[in-house]
file input-v3.cif (mmCIF, C-alpha atoms)
data_target
#
loop_
_atom_site.label_atom_id
_atom_site.label_comp_id
_atom_site.auth_asym_id
_atom_site.auth_seq_id
_atom_site.Cartn_x
_atom_site.Cartn_y
_atom_site.Cartn_z
CA MET A 22 14.29 9.37 16.86
CA THR A 23 10.98 7.76 15.92
CA THR A 24 9.50 4.66 17.51
CA ASP A 25 7.72 2.13 15.31
CA LEU A 26 4.10 1.66 16.32
CA PHE A 27 4.21 -2.10 15.73
CA ASP A 28 6.56 -4.84 14.56
CA ALA A 29 6.13 -4.61 10.79
CA GLY A 30 8.70 -7.35 10.23
CA ALA A 31 6.48 -9.81 12.09
CA MET A 32 3.56 -8.98 9.82
CA TYR A 33 5.21 -8.79 6.39
CA ASP A 34 6.89 -12.18 6.39
CA ASP A 35 6.62 -15.61 4.82
CA ASP A 36 3.22 -16.20 6.43
CA TYR A 37 1.91 -13.09 4.69
CA LEU A 38 3.09 -14.38 1.31
CA HIS A 39 1.63 -17.80 2.11
CA PHE A 40 -1.83 -16.33 2.53
CA PHE A 41 -1.86 -13.43 0.10
CA ALA A 42 0.45 -14.62 -2.69
CA GLY A 43 0.06 -18.37 -2.40
CA GLY A 44 -2.52 -20.89 -3.50
CA PRO A 45 -6.32 -20.68 -3.66
CA ALA A 46 -7.86 -18.76 -0.80
CA ARG A 47 -11.06 -17.00 0.15
CA VAL A 48 -10.07 -13.42 0.92
CA THR A 49 -12.31 -10.93 2.69
CA HIS A 50 -11.13 -7.38 2.07
CA GLY A 51 -10.12 -5.69 5.29
CA PRO A 52 -7.20 -4.11 7.11
CA GLY A 53 -3.84 -5.43 6.07
CA VAL A 54 -5.33 -7.25 3.08
CA PRO A 55 -3.68 -6.52 -0.27
CA THR A 56 -6.30 -5.37 -2.76
CA ASP A 57 -5.57 -5.80 -6.45
CA HIS A 58 -1.94 -4.86 -6.05
CA GLY A 59 -1.10 -5.48 -9.67
CA GLY A 60 -3.92 -7.26 -11.43
CA VAL A 61 -4.81 -6.17 -14.96
CA SER A 62 -7.55 -3.81 -13.80
CA GLY A 63 -5.31 -2.22 -11.18
CA THR A 64 -2.52 -1.70 -13.67
CA ASP A 65 -4.95 -0.26 -16.18
CA ARG A 66 -6.22 2.25 -13.61
CA VAL A 67 -2.73 3.37 -12.65
CA TRP A 68 -1.73 3.62 -16.30
CA ARG A 69 -4.71 5.82 -17.14
CA LEU A 70 -4.83 7.99 -14.03
CA LEU A 71 -1.10 8.72 -14.13
CA ASP A 72 -1.02 9.09 -17.93
CA LEU A 73 1.89 6.64 -18.02
CA GLU A 74 3.95 5.94 -21.13
CA PRO A 75 6.64 3.35 -21.92
CA GLY A 76 10.07 4.60 -20.93
CA MET A 77 8.89 6.64 -17.95
CA SER A 78 10.73 6.17 -14.66
CA VAL A 79 8.43 4.92 -11.90
CA LEU A 80 9.05 4.39 -8.17
CA ASP A 81 6.80 1.90 -6.37
CA VAL A 82 7.04 2.86 -2.69
CA GLY A 83 6.19 -0.08 -0.45
CA CYS A 84 6.30 -2.44 -3.43
CA GLY A 85 5.76 -5.61 -1.38
CA HIS A 86 6.43 -8.71 -3.43
CA GLY A 87 6.48 -6.64 -6.61
CA SER A 88 3.19 -7.27 -8.38
CA MET A 89 2.53 -3.69 -9.44
CA ALA A 90 6.20 -2.99 -10.17
CA ARG A 91 6.41 -6.02 -12.46
CA ALA A 92 3.14 -5.16 -14.20
CA LEU A 93 4.36 -1.64 -15.01
CA ALA A 94 7.76 -2.92 -16.14
CA ALA A 95 6.00 -5.35 -18.48
CA ARG A 96 4.43 -2.33 -20.16
CA GLY A 97 7.79 -0.69 -20.76
CA CYS A 98 8.33 1.55 -17.73
CA ARG A 99 11.71 1.79 -15.99
CA VAL A 100 10.63 0.69 -12.52
CA THR A 101 12.28 0.89 -9.11
CA GLY A 102 10.55 -0.93 -6.26
CA LEU A 103 11.36 -0.06 -2.66
CA ASP A 104 10.47 -2.18 0.35
CA PHE A 105 11.95 -2.96 3.78
CA SER A 106 11.11 -6.69 3.84
CA PRO A 107 13.88 -9.07 2.68
CA VAL A 108 11.28 -11.83 2.29
CA PHE A 109 9.16 -9.71 -0.03
CA LEU A 110 12.15 -8.47 -2.03
CA ASP A 111 13.48 -12.00 -2.54
CA ARG A 112 10.08 -13.02 -3.90
CA ALA A 113 9.89 -9.90 -6.07
CA ARG A 114 13.30 -10.48 -7.62
CA SER A 115 12.60 -14.16 -8.20
CA ASP A 116 9.28 -13.48 -9.92
CA ALA A 117 10.78 -10.69 -12.06
CA ALA A 118 13.63 -12.96 -13.18
CA GLU A 119 11.18 -15.73 -14.03
CA GLN A 120 9.20 -13.30 -16.19
CA GLY A 121 12.32 -11.84 -17.80
CA LEU A 122 11.59 -8.36 -16.42
CA ASP A 123 14.19 -5.78 -15.45
CA VAL A 124 13.05 -4.17 -12.19
CA ASP A 125 15.40 -2.54 -9.70
CA PHE A 126 14.16 -3.81 -6.33
CA VAL A 127 15.80 -1.85 -3.52
CA ALA A 128 15.85 -2.52 0.21
CA GLY A 129 15.01 0.68 2.02
CA ASP A 130 12.72 2.67 4.29
CA MET A 131 9.99 4.91 2.87
CA ARG A 132 10.65 7.28 5.75
CA ALA A 133 14.10 8.09 4.35
CA LEU A 134 14.16 7.89 0.56
CA PRO A 135 17.73 8.23 -0.77
CA GLY A 136 18.94 11.77 -1.28
CA GLU A 137 20.25 10.93 -4.75
CA TRP A 138 16.69 10.15 -5.83
CA SER A 139 15.63 13.82 -5.62
CA GLY A 140 13.78 14.77 -8.82
CA ARG A 141 14.54 11.36 -10.37
CA PHE A 142 11.12 9.84 -11.09
CA ASP A 143 8.35 10.75 -13.52
CA ARG A 144 5.77 8.90 -11.45
CA VAL A 145 5.45 7.47 -7.92
CA VAL A 146 3.04 4.67 -7.00
CA ASN A 147 2.01 3.75 -3.46
CA TRP A 148 -0.47 0.90 -3.83
CA SER A 149 -2.67 -1.37 -1.75
CA THR A 150 -2.74 0.61 1.51
CA ALA A 151 1.04 0.93 1.78
CA PHE A 152 0.75 4.23 3.67
CA GLY A 153 -0.31 5.28 7.16
CA TYR A 154 1.64 2.86 9.37
CA PHE A 155 3.56 5.47 11.40
CA ASP A 156 2.66 8.36 13.68
CA ASP A 157 1.24 11.44 11.98
CA ASP A 158 4.49 13.43 11.86
CA VAL A 159 6.30 10.53 10.20
CA ASN A 160 3.42 9.87 7.81
CA ARG A 161 3.75 13.49 6.70
CA THR A 162 7.49 12.98 6.24
CA VAL A 163 6.78 10.04 3.94
CA LEU A 164 4.57 12.24 1.74
CA ALA A 165 7.23 14.95 1.62
CA GLY A 166 9.76 12.34 0.54
CA MET A 167 7.52 11.23 -2.31
CA ALA A 168 7.17 14.83 -3.44
CA ARG A 169 10.95 15.29 -3.32
CA VAL A 170 11.80 12.34 -5.55
CA LEU A 171 9.35 13.37 -8.27
CA ALA A 172 10.58 15.37 -11.22
CA PRO A 173 8.82 18.75 -11.70
CA GLY A 174 5.37 18.04 -13.09
CA GLY A 175 5.52 14.37 -12.03
CA ARG A 176 2.56 12.56 -10.53
CA LEU A 177 1.73 10.33 -7.56
CA ALA A 178 -1.00 7.70 -7.20
CA MET A 179 -1.97 6.18 -3.84
CA ASP A 180 -4.48 3.36 -3.28
CA LEU A 181 -6.07 3.30 0.18
CA ASP A 182 -9.22 2.25 1.99
CA ASN A 183 -12.17 4.52 1.32
CA LEU A 184 -12.86 5.74 4.85
CA THR A 185 -16.61 6.24 4.41
CA ARG A 186 -17.21 2.74 3.06
CA PHE A 187 -14.66 1.22 5.45
CA LEU A 188 -16.46 2.50 8.54
CA ALA A 189 -19.88 1.52 7.18
CA SER A 190 -18.72 -2.10 6.83
CA TRP A 191 -16.69 -2.23 10.05
CA THR A 192 -17.01 -5.42 12.13
CA PRO A 193 -15.32 -6.34 15.45
CA SER A 194 -13.74 -9.45 13.94
CA ARG A 195 -13.61 -11.54 10.79
CA VAL A 196 -11.91 -14.45 9.11
CA THR A 197 -9.81 -12.45 6.66
CA VAL A 198 -8.34 -15.36 4.69
CA ALA A 199 -9.30 -19.03 4.61
CA ARG A 200 -7.29 -21.39 2.41
CA GLU A 201 -8.42 -24.72 1.05
CA ASP A 202 -5.71 -26.44 3.11
CA GLY A 203 -7.34 -25.21 6.34
CA ASP A 204 -4.87 -22.42 7.10
CA MET A 205 -6.46 -19.10 7.97
CA LEU A 206 -6.04 -15.57 9.28
CA VAL A 207 -8.49 -14.26 11.87
CA ASP A 208 -8.52 -10.55 12.70
CA ARG A 209 -10.00 -8.70 15.68
CA HIS A 210 -10.44 -4.98 15.20
CA ARG A 211 -10.41 -1.86 17.35
CA LEU A 212 -10.87 1.70 16.13
CA ASP A 213 -9.26 4.51 18.13
CA ALA A 214 -11.35 7.60 17.42
CA LEU A 215 -8.79 9.92 19.03
CA THR A 216 -5.91 8.92 16.75
CA GLY A 217 -7.79 7.73 13.66
CA ARG A 218 -5.90 4.45 13.90
CA PHE A 219 -7.37 1.06 13.16
CA GLU A 220 -5.76 -1.51 15.44
CA VAL A 221 -5.80 -5.20 14.56
CA GLU A 222 -4.95 -8.30 16.56
CA ARG A 223 -4.23 -11.04 14.00
CA THR A 224 -4.22 -14.77 14.69
CA VAL A 225 -2.28 -16.81 12.13
CA ILE A 226 -3.16 -20.50 11.87
CA ARG A 227 -0.76 -22.37 9.57
CA ASP A 228 0.21 -26.03 9.48
CA GLY A 229 -1.35 -26.51 12.90
CA ARG A 230 0.71 -23.71 14.44
CA VAL A 231 -0.89 -20.62 15.95
CA ARG A 232 0.76 -17.24 16.44
CA ARG A 233 -0.56 -13.79 17.20
CA LEU A 234 0.60 -10.34 16.20
CA THR A 235 -0.75 -6.82 16.22
CA PHE A 236 -0.58 -4.04 13.66
CA LEU A 237 -2.28 -0.76 12.97
CA LYS A 238 -2.83 1.75 10.24
CA ARG A 239 -4.02 5.33 10.03
CA LEU A 240 -7.36 5.86 8.30
CA PHE A 241 -7.80 8.91 6.06
CA GLY A 242 -10.73 10.70 4.54
CA PHE A 243 -10.07 12.39 1.23
CA PRO A 244 -10.15 16.02 2.48
CA GLU A 245 -7.57 15.31 5.20
CA LEU A 246 -5.18 13.46 2.90
CA ARG A 247 -5.61 16.11 0.21
CA ASP A 248 -4.54 18.79 2.69
CA TRP A 249 -1.58 16.70 3.84
CA LEU A 250 -0.42 16.25 0.24
CA VAL A 251 -0.64 19.97 -0.46
CA ALA A 252 1.33 20.69 2.72
CA ALA A 253 3.93 18.11 1.62
CA GLY A 254 4.59 19.98 -1.62
CA PHE A 255 2.06 18.68 -4.11
CA GLY A 256 -0.23 20.73 -6.29
CA ALA A 257 -3.53 19.50 -7.74
CA VAL A 258 -5.01 16.51 -5.85
CA ALA A 259 -7.93 14.36 -7.03
CA GLY A 260 -9.81 11.35 -5.64
CA TYR A 261 -11.19 8.32 -7.48
CA GLY A 262 -12.73 4.95 -6.69
CA GLU A 263 -11.56 1.50 -7.74
CA ASP A 264 -13.35 1.93 -11.09
CA GLY A 265 -11.42 5.11 -11.87
CA GLU A 266 -14.50 7.29 -11.50
CA PRO A 267 -14.68 10.26 -9.07
CA LEU A 268 -14.73 9.04 -5.46
CA THR A 269 -18.10 8.34 -3.82
CA ALA A 270 -19.17 6.91 -0.47
CA ASP A 271 -19.93 3.59 -2.16
CA HIS A 272 -16.43 2.90 -3.47
CA GLN A 273 -14.38 0.24 -1.65
CA ARG A 274 -11.07 1.92 -2.46
CA MET A 275 -9.83 5.51 -2.55
CA ILE A 276 -7.27 6.27 -5.24
CA VAL A 277 -5.65 9.65 -4.72
CA THR A 278 -3.60 11.32 -7.42
CA ALA A 279 -1.39 14.36 -6.90
CA HIS A 280 0.78 16.45 -9.21
CA ALA A 281 4.24 17.58 -8.23
CA ARG A 282 4.56 21.33 -8.45
CA THR A 283 6.50 22.55 -11.45
CA GLY A 284 9.74 24.43 -10.99
CA LYS A 285 10.39 23.14 -7.50
#
call {"tool": "encode", "arguments": {"input": "input-v3.cif", "output": "structure tokens"}}
result
Amino acid sequence: MTTDLFDAGAMYDDDYLHFFAGGPARVTHGPGVPTDHGGVSGTDRVWRLLDLEPGMSVLDVGCGHGSMARALAARGCRVTGLDFSPVFLDRARSDAAEQGLDVDFVAGDMRALPGEWSGRFDRVVNWSTAFGYFDDDVNRTVLAGMARVLAPGGRLAMDLDNLTRFLASWTPSRVTVAREDGDMLVDRHRLDALTGRFEVERTVIRDGRVRRLTFLKRLFGFPELRDWLVAAGFGAVAGYGEDGEPLTADHQRMIVTAHARTGK
């Protein structure tokens, strides 16, 4: 039995949507901040790096409120979005219906992808730092699950913080989001060098109410994640920045692509 490292349900709730999928806000990129999870440029990058085509079956693991899933469905892919948060899935289904898009949003846990999904998908997407929230053994299990549900020759794309740039811009605290209505998120940070985990104490100020929560995520450099992906069953692994060019220390984001081995 595994023990969750923090209360994810307390983080990915209506407050999260209020700040990150609501009205005008000033957003400072940082831990737990969604980064271009489905904007035109993000969709274009995924489309190109995964060599996507209309009609392909795509699984968005940790789909959140469905931005990337809906963007890919709008381009003709057959998309399944998986997330554990009922709040996010309700928003995802509502937005898809409003846009007239057919997306299969499924409640589930990325640590235990359904057995009947084995070999089902042409592509898997894991976007906007939706990986690294468990202990290392479980994080490896998540990668193995992604490899299992890909058809032979399928491909994976993951969007994460670029560790080199992330550490260079690290600060002990910051106002992560400030909305025009005065609501804000304030984060205090701690880096555990022994575990590679970035721990955050978040203060949520909304409608005059204040609440605090903690969360953490595992930070990865490209060589480490590449080796984990190979151990999980993937073949060729490559790293890119947010512009789709080969990864450098100056990129804000690290996009990792991996090919499923053929004949598995």
call {"tool": "atom_distance", "arguments": {"input": "input-v3.cif", "atom1": "atom CA of Ala151 of chain A", "atom2": "atom CA of Val163 of chain A"}}
result
11.0 Å
call {"tool": "resolve_selection", "arguments": {"input": "input-v3.cif", "expression": "the PyMOL selection byres ((chain A and resi 73-77) around 8)", "output": "list of chain:residue names"}}
result
A:Val67, A:Trp68, A:Arg69, A:Leu70, A:Leu71, A:Asp72, A:Ser78, A:Val79, A:Arg96, A:Gly97, A:Cys98, A:Arg99, A:Phe142, A:Asp143, A:Arg144
call {"tool": "resolve_selection", "arguments": {"input": "input-v3.cif", "expression": "the PyMOL selection byres ((chain A and resi 246) around 12)", "output": "number ranges by chain"}}
result
A: 152-153, 157, 160-161, 164, 179-184, 239-245, 247-253, 255, 258-260, 275-279
call {"tool": "atom_distance", "arguments": {"input": "input-v3.cif", "atom1": "atom CA of Pro267 of chain A", "atom2": "atom CA of Ala281 of chain A"}}
result
20.3 Å
call {"tool": "atom_distance", "arguments": {"input": "input-v3.cif", "atom1": "atom CA of His272 of chain A", "atom2": "atom CA of Thr185 of chain A"}}
result
8.6 Å
call {"tool": "resolve_selection", "arguments": {"input": "input-v3.cif", "expression": "the PyMOL selection byres ((chain A and resi 100) around 8)", "output": "PyMOL selection string"}}
result
chain A and resi 78-81+90-91+93-94+98-99+101-102+123-125
call {"tool": "write_last_selection", "arguments": {"input": "input-v3.cif", "atoms": "C-alpha atoms", "output": "PDB file, keeping the file's coordinate frame"}}
result
ATOM      1  CA  SER A  78      10.730   6.170 -14.660  1.00  0.00           C
ATOM      2  CA  VAL A  79       8.430   4.920 -11.900  1.00  0.00           C
ATOM      3  CA  LEU A  80       9.050   4.390  -8.170  1.00  0.00           C
ATOM      4  CA  ASP A  81       6.800   1.900  -6.370  1.00  0.00           C
ATOM      5  CA  ALA A  90       6.200  -2.990 -10.170  1.00  0.00           C
ATOM      6  CA  ARG A  91       6.410  -6.020 -12.460  1.00  0.00           C
ATOM      7  CA  LEU A  93       4.360  -1.640 -15.010  1.00  0.00           C
ATOM      8  CA  ALA A  94       7.760  -2.920 -16.140  1.00  0.00           C
ATOM      9  CA  CYS A  98       8.330   1.550 -17.730  1.00  0.00           C
ATOM     10  CA  ARG A  99      11.710   1.790 -15.990  1.00  0.00           C
ATOM     11  CA  THR A 101      12.280   0.890  -9.110  1.00  0.00           C
ATOM     12  CA  GLY A 102      10.550  -0.930  -6.260  1.00  0.00           C
ATOM     13  CA  ASP A 123      14.190  -5.780 -15.450  1.00  0.00           C
ATOM     14  CA  VAL A 124      13.050  -4.170 -12.190  1.00  0.00           C
ATOM     15  CA  ASP A 125      15.400  -2.540  -9.700  1.00  0.00           C
TER      16      ASP A 125
END
call {"tool": "closest_residue", "arguments": {"input": "input-v3.cif", "among": "A:Ala31, A:Met167, A:Leu188, A:Leu206", "to": "Gly254 of chain A", "atoms": "only C-alpha atoms"}}
result
A:Met167
